[in-house]
Structures are given as structure tokens and as C-alpha cells.
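Here is the structure we will look at.
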Amino acid sequence: MLFCWLFIQLFGRVGEWCFLRKIIHCDCDCFYASVELRDDPSLKGRPVAVGGAADRRGVVATCNYEARAFGIHSAMPTASAMRRCPELIVLTPRMDKYRDAALLIRDIFSRYTTEIEPLSLDEAYLDVTNCTEFQGSATRIAQAIRQQVKDEVGITISAGVAPNKFLAKVASDWDKPDGLTVITPAKVDEFVLDLPVKKIHGVGKVMAARMAEHGIFSCADLRVRSLDELLILFGKFGHQLYDYARGIDGRLVKPHRERKSLSVETTFAQDLVGVDIAKSAVSGLFTELEKRLLGVGEKRFSGAFVKLKSADFRQTTIDRRYDGELNLALFEGLLEEAWPRMASALRLIGIGVRFSVKEEQNKKSILPHLHEEQLDLFSDLD
């Protein structure tokens with residue numbers, strides 16, 4: 001039995017490298033803001049944010065790079081953003097416009113492959129391993145996609161090309177905005193060795209600080225640690241860190257997968273004190289949740305929940321059955337219900353929904369026109 005297990009583990013590792021895939025990760029640049037600037041060229045060169053009004057506890061959903069130069073970022077209260085940049089132009093989100101642009105982009109993706117895994121309205125993985133366009137060159141396919149998005153949709157998109165999803169996602173963020181980074185199989189080891197751990201998806205500010213305490217700043221530092229050490233230090237996440245530090249990621253692009261839930265969360269640079277401030281954060285999360293739900297298509301809701309983590313790392317979740325129309329007040333109510341359980345400042349808030357899905361035991365059915373797409377379950381907003 002032990003021999004069989006060892007054989008499977010070895011074969012799995014070898015198999016990952018015996019058949020290298022061609023993965024493209026596409027990520028629109030400042031998506032909401034880019035669509036707004038496309039429709040109103042007079043905004044170009046000026047600091048622009050899309051989000052809620054400052055006098056209504058609104059938050060920034062996204063902003064352009066001119067605004068980011070002032071330190072403005074997503075999930076920041078709009079009032080704080082206005083203090084940093086009094087000239088900031090704050091626009092109300094227009095979800096229909098963003099959905100239309102996303103559908104056009106999705107159509108461009110589909111010209112090259114059916115293996116498309118959306119992560120949100122403006123981000124997706126593409127597996128072009130079997131694509132014959134441009135003699136199968138993933139780099140040229142990515143170049144064509146970026147040019148077609150610019151010409152037909154009127155916005156820019158950054159892309160990363162690599163042998164797996166982990167590296168492709170890192171690469172797409174390497175040369176933003178409007179960039180293309182290619183990591184060939186021959187360059188994987190060199191690229192990963194110099195990669196800062198903060199570039200690894202799932203390593204936020206808190207995790208990066210924990211790693212720094214153990215002298216881990218890059219993937220090269222991770223490589224000198226054994227798998228057992230990483231599991232002791234970082235729990236189950238240690239498995240991923242061990243593989244990522246070696247450029248290994250065996251996950252496939254999954255275009256069709258039924259989701260049971262979708263949620264977003266953020267860990268704050270400074271702990272939140274007071275329920276009103278926490279509600280402001282929920283407002284920003286709700287905007288991001290709406291954005292991601294647009295990428296899922298029509299679904300029937302069966303529940304909603306709020307997750308809180310305190311400054312001393314205690315955690316609680318309020319989960320309620322719900323099949324109506326989603327609104328901000330619903331999640332604010334769940335937050336108020338959960339708040340008395342914490343009795344301290346918050347370091348993390350998450351909100352999410354559960355979907356009605358087919359269950360074999362009771363043979364419940366779902367609407368026949370639903371299409372499911374793979375999305376990240378949780379996502380830091382920063």
C-alpha cells in the first residue's frame with residue numbers, strides 16, 4: 001500500500017511536467033474605470049474612481065492609475081479617497097455597461113478556445129494548449145486577444161502566458177497596465193526563484209509578515225524549507241507554498257463547474273472599530289460581490305452569509321436562508337447580528353451567497369438555462 005501511494009505521488013509530480021500546458025491569464029486594467037473613460041474621453045488624464053457617494057458611506061470599487069497615484073485603492077471609503085485627492089471624480093457604477101463589455105471580451109476569448117474559466121467579470125484563465133491559431137503560439141494568441149479587446153471594446157487588458165495557472169496569474173500582474181509577460185517552460189525556475197512571496201495568490205499582508213518573521217521573503221527562501229516545516233508553519237497552505245516555490249501547479253482550467261456559493265472578503269491594514277465603520281466596508285464588498293455575480297449568470301439564491309474575524313483571530317459566521325433579491329441592507333443586517341459576538345476590533349470581513357443547486361438525494365432541480373463558471377471563493381480587495 002505504501003509503495004502504491006509513493007508511486008502515485010511520484011507519477012503525479014512527473015506528470016505535471018511531462019505535459020506542459022499553455023495557459024493565458026487575462027485581466028482587464030481598472031475595468032469599471034476603463035469603461036467609463038472609454039465612454040467619456042474628457043476624463044482621460046484625470047483621477048477617476050467608480051463607487052459609492054462619500055455622503056452615503058460609499059466606498060471605491062475601482063479607480064484609474066491617476067487616482068492610485070494618490071494612494072487610493074478599492075475598498076477604501078470614498079470620503080477618505082476624497083480627502084487624499086479633492087479633485088477625484090467619483091462615478092456611480094453602471095453594471096449594465098460593464099456586463100456588455102465583459103460579454104464582448106468573453107466572445108473574443110471564445111475565438112481561440114472553449115477552455116475558459118472566468119474568475120470575475122473582468123478576469124479569466126484560458127487554456128490554449130490545443131489552439132491551432134498562430135501555429136499554436138500562446139504568446140501570439142495573447143497578443144491578438146489584447147489587440148482585439150483594445151480595438152473592439154475600447155479598453156486595455158493585461159495578460160500573462162505560462163505553463164500553469166499560478167504562473168500565468170502572477171505574469172498578468174507583472175507589467176500592468178496594458179502589459180504582456182511570458183514565462184516559457186525554460187524560464188520557470190529562474191523566474192520563480194526571484195519571486196517575492198507577496199506575489200503569491202493567497203499571501204496577503206498578514207501572511208507576508210508572518211513569513212518575514214521566519215526569514216521567508218522569496219520563493220528561494222521557501223525552497224530551503226521542507227514540506228513538513230511549511231505545514232507546521234502555515235498549515236494546509238504549506239502544500240501550495242511548497243509547490244508554488246518550485247513553479248508547480250497542477251490545477252486545470254475548468255470552464256464548467258457548478259458553484260454552491262460565491263463570496264468575497266478583505267483583510268484590513270488597520271483593524272476596524274465600530275459597527276458603522278464596518279458597514280462602510282460591507283458596502284465595498286457588496287459592490288465587488290455584485291461584480292462577480294454578473295460573471296456567473298442567472299442563479300437562484302438559497303442563502304446569504306457574513307463572516308467576521310476579530311483582531312485576536314476569533315471568527316464567527318452568520319448564515320441565513322434567503323431566496324429574494326440581494327441588497328446591501330441584507331448584509332448590513334447580518335453584520336449587525338454578528339457584531340455582538342466579536343466584542344473587539346475586526347481584522348477581516350467577508351460576505352457571500354449560496355446558490356440553489358441540484359441535489360441527488362432529494363432530486364431538486366435548478367433552472368435549465370443556468371450556466372456555471374469557476375470563480376475564486378474568496379478574494380482580497382486591495
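Quick note on naming: the chains in the C-alpha cells go A, B, ... in the order shown, residues restart at 1 in each chain, and ligands are numbered from 1 in order of appearance.
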Taking a cut-off of 9 Å and counting only C-alpha atoms, can you build a table that, for each residue of region 247-304 of chain A near region 350-353 of chain A, reports the nearest atom pair and how far apart they are in Å (one decimal), sorted by chain then residue number, as a tab-separated table?
```
residue	atom	partner	partner_atom	distance
A:Lys260	CA	A:Val353	CA	8.6
A:Ser261	CA	A:Val353	CA	5.6
A:Leu262	CA	A:Gly352	CA	5.5
A:Ser263	CA	A:Gly352	CA	3.8
A:Val264	CA	A:Gly350	CA	5.6
A:Glu265	CA	A:Gly350	CA	3.8
A:Thr266	CA	A:Gly350	CA	6.4
A:Thr267	CA	A:Gly350	CA	8.8
A:Val282	CA	A:Ile351	CA	7.5
A:Leu285	CA	A:Ile351	CA	7.0
A:Phe286	CA	A:Ile351	CA	7.5
A:Leu289	CA	A:Gly352	CA	7.3
A:Phe301	CA	A:Val353	CA	6.9
A:Ser302	CA	A:Val353	CA	7.6
A:Gly303	CA	A:Val353	CA	5.6
A:Ala304	CA	A:Val353	CA	4.3
```
Which residues are close to Ala168 (chain A), i.e. within 10 Å by only C-alpha atoms, leaving aside same-chain residues fewer than 6 positions away? Reply as a compact mmCIF listing (two decimals) with N, CA, C and O atoms, in the first residue's frame.
```txt
# COMPACT_ATOMS: atom_id res chain seq x y z
N LYS A 22 -0.48 25.34 -22.04
CA LYS A 22 -0.31 26.75 -22.43
C LYS A 22 -1.50 27.51 -21.85
O LYS A 22 -2.62 27.43 -22.36
N ILE A 23 -1.22 28.24 -20.78
CA ILE A 23 -2.28 28.95 -20.05
C ILE A 23 -2.08 30.46 -20.21
O ILE A 23 -0.97 30.97 -20.07
N ILE A 24 -3.17 31.16 -20.50
CA ILE A 24 -3.17 32.62 -20.54
C ILE A 24 -4.10 33.13 -19.44
O ILE A 24 -5.24 32.65 -19.32
N HIS A 25 -3.61 34.05 -18.64
CA HIS A 25 -4.48 34.72 -17.67
C HIS A 25 -4.69 36.15 -18.15
O HIS A 25 -3.72 36.89 -18.35
N CYS A 26 -5.95 36.52 -18.37
CA CYS A 26 -6.30 37.86 -18.86
C CYS A 26 -6.97 38.65 -17.75
O CYS A 26 -7.86 38.12 -17.06
N TYR A 125 -9.03 32.73 -16.92
CA TYR A 125 -7.98 31.84 -17.42
C TYR A 125 -8.41 31.26 -18.76
O TYR A 125 -9.59 30.92 -18.94
N LEU A 126 -7.46 31.11 -19.68
CA LEU A 126 -7.71 30.44 -20.95
C LEU A 126 -6.66 29.34 -21.13
O LEU A 126 -5.47 29.58 -20.94
N ALA A 159 -2.08 40.58 -19.82
CA ALA A 159 -2.11 39.12 -19.93
C ALA A 159 -0.79 38.52 -19.49
O ALA A 159 0.28 39.12 -19.62
N GLY A 160 -0.91 37.29 -18.96
CA GLY A 160 0.26 36.51 -18.60
C GLY A 160 0.18 35.15 -19.28
O GLY A 160 -0.88 34.55 -19.32
N VAL A 161 1.29 34.71 -19.83
CA VAL A 161 1.35 33.41 -20.51
C VAL A 161 2.35 32.54 -19.77
O VAL A 161 3.49 32.96 -19.51
N ALA A 162 1.95 31.31 -19.44
CA ALA A 162 2.83 30.44 -18.66
C ALA A 162 2.35 28.99 -18.77
O ALA A 162 1.26 28.73 -19.29
N TRP A 174 2.41 41.44 -13.76
CA TRP A 174 3.82 41.83 -13.73
C TRP A 174 4.10 43.15 -14.43
O TRP A 174 4.99 43.90 -14.01
N THR A 181 3.32 39.55 -20.20
CA THR A 181 4.51 38.88 -19.68
C THR A 181 4.43 37.40 -20.00
O THR A 181 3.40 36.77 -19.74
N VAL A 182 5.49 36.86 -20.55
CA VAL A 182 5.52 35.46 -20.96
C VAL A 182 6.59 34.73 -20.14
O VAL A 182 7.74 35.17 -20.06
N ILE A 183 6.19 33.62 -19.52
CA ILE A 183 7.12 32.76 -18.78
C ILE A 183 7.17 31.43 -19.52
O ILE A 183 6.24 30.63 -19.43
```
Residues near Leu88 (chain A), anyone? I mean within 6 Å using only C-alpha atoms, not counting same-chain ones fewer than 3 positions away, as a PyMOL selection string. chain A and resi 47-48+85
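With only C-alpha atoms as the atoms that count, the minimum distance from His214 (chain A) to the choices A:Phe355, A:Phe331, A:Phe234, A:Phe305 is reached by A:Phe234.
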Between A:Val60, A:Ala138, A:Ile232, A:Val90, which has the minimum distance to Gly284 (chain A) (counting only C-alpha atoms)? A:Val60
Looking only at strand (DSSP E or B) from DSSP on the backbone, list the matching residues of region 82-311 of chain A as number ranges by chain. A: 89-91, 116-120, 123-127, 157-162, 180-182, 196, 218, 261-272, 301-310
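Distance-wise, CA of Tyr32 (chain A) and CA of Asp271 (chain A) end up 27.8 Å apart.
Distance annotation: of A:Val197, A:Val170, A:Ala278, A:Ala53, the residue with the minimal separation from Arg210 (chain A) is A:Val197; atom set is only C-alpha atoms.
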May I have all residues of region 195-265 of chain A that DSSP, computed from the backbone, assigns to alpha helix (DSSP H), given as a PDB file with N, CA and C atoms, in the first residue's frame?
```pdb
ATOM      1  N   LYS A 205      -1.008  40.748   3.398  1.00  0.00           N
ATOM      2  CA  LYS A 205      -0.067  41.483   4.246  1.00  0.00           C
ATOM      3  C   LYS A 205       0.233  40.736   5.536  1.00  0.00           C
ATOM      4  N   VAL A 206      -0.797  40.124   6.126  1.00  0.00           N
ATOM      5  CA  VAL A 206      -0.599  39.424   7.395  1.00  0.00           C
ATOM      6  C   VAL A 206       0.278  38.195   7.196  1.00  0.00           C
ATOM      7  N   MET A 207      -0.029  37.401   6.168  1.00  0.00           N
ATOM      8  CA  MET A 207       0.763  36.200   5.894  1.00  0.00           C
ATOM      9  C   MET A 207       2.198  36.560   5.528  1.00  0.00           C
ATOM     10  N   ALA A 208       2.368  37.623   4.734  1.00  0.00           N
ATOM     11  CA  ALA A 208       3.719  38.051   4.370  1.00  0.00           C
ATOM     12  C   ALA A 208       4.516  38.452   5.603  1.00  0.00           C
ATOM     13  N   ALA A 209       3.844  39.105   6.558  1.00  0.00           N
ATOM     14  CA  ALA A 209       4.520  39.490   7.806  1.00  0.00           C
ATOM     15  C   ALA A 209       4.922  38.255   8.608  1.00  0.00           C
ATOM     16  N   ARG A 210       4.046  37.250   8.644  1.00  0.00           N
ATOM     17  CA  ARG A 210       4.380  36.002   9.344  1.00  0.00           C
ATOM     18  C   ARG A 210       5.582  35.329   8.701  1.00  0.00           C
ATOM     19  N   MET A 211       5.615  35.336   7.380  1.00  0.00           N
ATOM     20  CA  MET A 211       6.737  34.728   6.677  1.00  0.00           C
ATOM     21  C   MET A 211       8.032  35.483   6.965  1.00  0.00           C
ATOM     22  N   ALA A 212       7.930  36.800   6.996  1.00  0.00           N
ATOM     23  CA  ALA A 212       9.122  37.611   7.260  1.00  0.00           C
ATOM     24  C   ALA A 212       9.717  37.295   8.626  1.00  0.00           C
ATOM     25  N   GLU A 213       8.863  36.984   9.594  1.00  0.00           N
ATOM     26  CA  GLU A 213       9.346  36.615  10.928  1.00  0.00           C
ATOM     27  C   GLU A 213      10.211  35.365  10.895  1.00  0.00           C
ATOM     28  N   CYS A 219      10.530  33.040  -3.041  1.00  0.00           N
ATOM     29  CA  CYS A 219      10.343  31.607  -3.265  1.00  0.00           C
ATOM     30  C   CYS A 219      11.641  30.838  -3.046  1.00  0.00           C
ATOM     31  N   ALA A 220      12.771  31.501  -3.251  1.00  0.00           N
ATOM     32  CA  ALA A 220      14.057  30.854  -2.962  1.00  0.00           C
ATOM     33  C   ALA A 220      14.149  30.522  -1.477  1.00  0.00           C
ATOM     34  N   ASP A 221      13.637  31.417  -0.631  1.00  0.00           N
ATOM     35  CA  ASP A 221      13.631  31.158   0.815  1.00  0.00           C
ATOM     36  C   ASP A 221      12.691  30.006   1.159  1.00  0.00           C
ATOM     37  N   LEU A 222      11.566  29.919   0.438  1.00  0.00           N
ATOM     38  CA  LEU A 222      10.632  28.813   0.671  1.00  0.00           C
ATOM     39  C   LEU A 222      11.268  27.478   0.314  1.00  0.00           C
ATOM     40  N   ARG A 223      12.074  27.465  -0.710  1.00  0.00           N
ATOM     41  CA  ARG A 223      12.639  26.205  -1.203  1.00  0.00           C
ATOM     42  C   ARG A 223      13.584  25.539  -0.201  1.00  0.00           C
ATOM     43  N   LEU A 227       8.774  20.327   3.256  1.00  0.00           N
ATOM     44  CA  LEU A 227       7.313  20.339   3.271  1.00  0.00           C
ATOM     45  C   LEU A 227       6.795  20.261   4.696  1.00  0.00           C
ATOM     46  N   ASP A 228       7.412  19.437   5.526  1.00  0.00           N
ATOM     47  CA  ASP A 228       6.973  19.318   6.925  1.00  0.00           C
ATOM     48  C   ASP A 228       7.090  20.650   7.655  1.00  0.00           C
ATOM     49  N   GLU A 229       8.179  21.366   7.420  1.00  0.00           N
ATOM     50  CA  GLU A 229       8.352  22.680   8.066  1.00  0.00           C
ATOM     51  C   GLU A 229       7.250  23.645   7.641  1.00  0.00           C
ATOM     52  N   LEU A 230       6.954  23.670   6.336  1.00  0.00           N
ATOM     53  CA  LEU A 230       5.935  24.596   5.841  1.00  0.00           C
ATOM     54  C   LEU A 230       4.556  24.240   6.368  1.00  0.00           C
ATOM     55  N   LEU A 231       4.273  22.963   6.511  1.00  0.00           N
ATOM     56  CA  LEU A 231       2.982  22.539   7.068  1.00  0.00           C
ATOM     57  C   LEU A 231       2.865  22.950   8.530  1.00  0.00           C
ATOM     58  N   ILE A 232       3.947  22.857   9.263  1.00  0.00           N
ATOM     59  CA  ILE A 232       3.935  23.272  10.669  1.00  0.00           C
ATOM     60  C   ILE A 232       3.726  24.780  10.780  1.00  0.00           C
ATOM     61  N   LEU A 233       4.398  25.518   9.907  1.00  0.00           N
ATOM     62  CA  LEU A 233       4.335  26.984   9.981  1.00  0.00           C
ATOM     63  C   LEU A 233       3.029  27.551   9.439  1.00  0.00           C
ATOM     64  N   PHE A 234       2.517  26.970   8.333  1.00  0.00           N
ATOM     65  CA  PHE A 234       1.401  27.599   7.620  1.00  0.00           C
ATOM     66  C   PHE A 234       0.211  26.680   7.384  1.00  0.00           C
ATOM     67  N   PHE A 237      -1.938  25.405   3.826  1.00  0.00           N
ATOM     68  CA  PHE A 237      -1.404  26.288   2.794  1.00  0.00           C
ATOM     69  C   PHE A 237       0.057  25.955   2.485  1.00  0.00           C
ATOM     70  N   GLY A 238       0.721  25.266   3.419  1.00  0.00           N
ATOM     71  CA  GLY A 238       2.113  24.879   3.208  1.00  0.00           C
ATOM     72  C   GLY A 238       2.306  24.002   1.983  1.00  0.00           C
ATOM     73  N   HIS A 239       1.306  23.163   1.656  1.00  0.00           N
ATOM     74  CA  HIS A 239       1.381  22.333   0.453  1.00  0.00           C
ATOM     75  C   HIS A 239       1.514  23.194  -0.795  1.00  0.00           C
ATOM     76  N   GLN A 240       0.635  24.213  -0.896  1.00  0.00           N
ATOM     77  CA  GLN A 240       0.682  25.099  -2.061  1.00  0.00           C
ATOM     78  C   GLN A 240       1.986  25.867  -2.117  1.00  0.00           C
ATOM     79  N   LEU A 241       2.427  26.365  -0.975  1.00  0.00           N
ATOM     80  CA  LEU A 241       3.668  27.128  -0.956  1.00  0.00           C
ATOM     81  C   LEU A 241       4.841  26.277  -1.418  1.00  0.00           C
ATOM     82  N   TYR A 242       4.857  25.016  -0.998  1.00  0.00           N
ATOM     83  CA  TYR A 242       5.934  24.101  -1.398  1.00  0.00           C
ATOM     84  C   TYR A 242       5.951  23.931  -2.921  1.00  0.00           C
ATOM     85  N   ASP A 243       4.767  23.733  -3.507  1.00  0.00           N
ATOM     86  CA  ASP A 243       4.684  23.558  -4.958  1.00  0.00           C
ATOM     87  C   ASP A 243       4.955  24.856  -5.705  1.00  0.00           C
ATOM     88  N   TYR A 244       4.339  25.945  -5.271  1.00  0.00           N
ATOM     89  CA  TYR A 244       4.494  27.219  -5.969  1.00  0.00           C
ATOM     90  C   TYR A 244       5.956  27.659  -5.992  1.00  0.00           C
TER      91      TYR A 244
END
```
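Each of A:Ile216, A:Ile145, A:Leu328, A:Ile72 was compared to Pro86 (chain A) using only C-alpha atoms, and A:Ile72 turns out to be the nearest.
Considering the residues A:Ile318, A:Ala33, A:Leu195, A:Ala329 and counting only C-alpha atoms, Arg68 (chain A) has its shortest atom-to-atom contact with A:Ala33.
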